[in-house]
Amino acid sequence: MSTPQPTEFNPVAGIAAAIFPGAGHLVLGRHKRAFFAMVGVMGLFFFGLLLGGIDAIDSKQDRFWFFGQALVGPPTLVVDYIHQNKFKAYGYGSEIMRTGKPGEHRVIENGRPVWEPLTYAEIESGMGPPNVPGLGRLNEIAMLSIVLAGMLNLIVFLDALMPGPNRDAKKSSSNANAGGAQ
Amino acid sequence: MSLVQALAYTPFVDALSIHEQWYLLIIPMSILLAIGYKAIRCSNMKKYPREVFVFTVQILGGLLLLAIVFTLVVTVVIPMVAPMPS
């Protein structure tokens, strides 16, 4: 039976990993792993945004999905902030912020964003809401992709916080020793 | 996607309209997941590309197997257990 490998607690790498995916491994000096971890997490994140648009991250209307997506860290929080403040508005006579529908235009009235109905001529001229939300299965796949990015980032974060021994460094040093002996 | 839709499309803001090809999206997602996961779990970075490839194939193979099992359950097992009244 093999004994478990010792791990060391590294709070600095943990904080860096929480700020941006892969930054923790950069602090640990594992540059290659940091780069590929960042490519994996941010690739899934941007792939989800590409599929579902900015509507794929919504802390108000897709709250439970957002809990998983928030594991990506600040990138999710920034996108959600932009979505809530630049793309949503209040419906006519409503106190609920929502995404725009076709035939509506976002305007600021007395410092408050509201959806204003458009005329046929305005719709024909290309006016409309600032974004087109994802629908159905495609919207679910987009949200799932960002949740996967969050769950993957949780593994990356834990590995940076409690890193195991640097196997690559061990291998290269043992190879060097073997080479020296020959 | 029509020409008007394509011209009005803003990447990362508007949703893509590829509803017919949704099942193909699992391929880039599996590759990206394997890239990120194996960056942490791979014991030797020299074997990294091979491990990413193997893990991607394992994910896709597992999902294909699940799809076959569920198709058999829906089309064969359930009609045997609870046949539709003719």
# chains A, B, ... in the order shown; residues from 1 in each chain; ligands from 1
>>> interface_residues(of="chain B", to="chain A", cutoff="12 Å", atoms="only C-alpha atoms", output="PyMOL selection string")
chain B and resi 4-5+7-49+52
>>> select_by_dssp(residues="range 3-77 of chain A", states="helix (DSSP H, G or I)", output="PyMOL selection string")
chain A and resi 11-19+23-27+31-56+63-72+74-77
>>> select_by_dssp(residues="range 1-142 of chain A", states="strand (DSSP E or B)", output="list of chain:residue names")
A:Lys88, A:Ala89, A:Tyr90, A:Met97, A:Arg98, A:Thr99, A:Glu104, A:His105, A:Arg106, A:Val107, A:Ile108, A:Glu109, A:Arg112, A:Pro113, A:Val114, A:Trp115, A:Glu116, A:Pro117
>>> residues_around(residues="Lys60 in chain A", least_positions_apart="5", cutoff="9 Å", atoms="only C-alpha atoms", output="list in words")
Phe66, Gln84 and Met97 of chain A
>>> residues_around(residues="Ser125 in chain A", least_positions_apart="3", cutoff="12 Å", atoms="only C-alpha atoms", output="ChimeraX atom specification")
/A:103,118-122,128 /B:4,8
>>> write_last_selection(atoms="N, CA and C atoms", output="PDB file, in the first residue's frame")
ATOM      1  N   GLY A 103     -38.458  44.509 -30.961  1.00  0.00           N
ATOM      2  CA  GLY A 103     -39.440  45.588 -31.029  1.00  0.00           C
ATOM      3  C   GLY A 103     -39.368  46.535 -29.852  1.00  0.00           C
ATOM      4  N   LEU A 118     -40.901  50.206 -30.065  1.00  0.00           N
ATOM      5  CA  LEU A 118     -40.469  50.853 -31.312  1.00  0.00           C
ATOM      6  C   LEU A 118     -41.606  50.828 -32.332  1.00  0.00           C
ATOM      7  N   THR A 119     -41.564  51.764 -33.263  1.00  0.00           N
ATOM      8  CA  THR A 119     -42.526  51.753 -34.362  1.00  0.00           C
ATOM      9  C   THR A 119     -42.024  50.780 -35.428  1.00  0.00           C
ATOM     10  N   TYR A 120     -42.901  50.395 -36.363  1.00  0.00           N
ATOM     11  CA  TYR A 120     -42.498  49.486 -37.448  1.00  0.00           C
ATOM     12  C   TYR A 120     -41.348  50.077 -38.259  1.00  0.00           C
ATOM     13  N   ALA A 121     -41.411  51.393 -38.483  1.00  0.00           N
ATOM     14  CA  ALA A 121     -40.359  52.055 -39.269  1.00  0.00           C
ATOM     15  C   ALA A 121     -39.012  51.960 -38.560  1.00  0.00           C
ATOM     16  N   GLU A 122     -39.034  52.114 -37.240  1.00  0.00           N
ATOM     17  CA  GLU A 122     -37.786  52.023 -36.453  1.00  0.00           C
ATOM     18  C   GLU A 122     -37.239  50.595 -36.461  1.00  0.00           C
ATOM     19  N   GLY A 128     -33.434  47.989 -32.153  1.00  0.00           N
ATOM     20  CA  GLY A 128     -33.925  46.865 -31.345  1.00  0.00           C
ATOM     21  C   GLY A 128     -33.186  46.811 -30.021  1.00  0.00           C
TER      22      GLY A 128
ATOM     23  N   VAL B   4     -29.458  38.854 -42.967  1.00  0.00           N
ATOM     24  CA  VAL B   4     -29.772  39.968 -42.037  1.00  0.00           C
ATOM     25  C   VAL B   4     -29.308  39.609 -40.630  1.00  0.00           C
ATOM     26  N   ALA B   8     -26.305  41.418 -38.361  1.00  0.00           N
ATOM     27  CA  ALA B   8     -26.646  42.045 -37.081  1.00  0.00           C
ATOM     28  C   ALA B   8     -25.957  41.356 -35.904  1.00  0.00           C
TER      29      ALA B   8
END
>>> residues_around(residues="Ala16 in chain A", least_positions_apart="5", cutoff="8 Å", atoms="only C-alpha atoms", output="short mmCIF file (atom, residue, chain, number, x, y, z; two decimals) with C-alpha atoms, in the first residue's frame")
data_model
loop_
_atom_site.label_atom_id
_atom_site.label_comp_id
_atom_site.auth_asym_id
_atom_site.auth_seq_id
_atom_site.Cartn_x
_atom_site.Cartn_y
_atom_site.Cartn_z
CA ALA A 23 -2.43 32.49 -11.96
CA GLY A 24 -1.88 30.21 -8.95
CA VAL A 27 3.04 31.79 -8.71
#
>>> atom_distance(atom1="CA of Gly73 in chain A", atom2="CA of Thr56 in chain B")
25.3 Å
>>> atom_distance(atom1="CA of Thr76 in chain A", atom2="CA of Ile146 in chain A")
8.7 Å
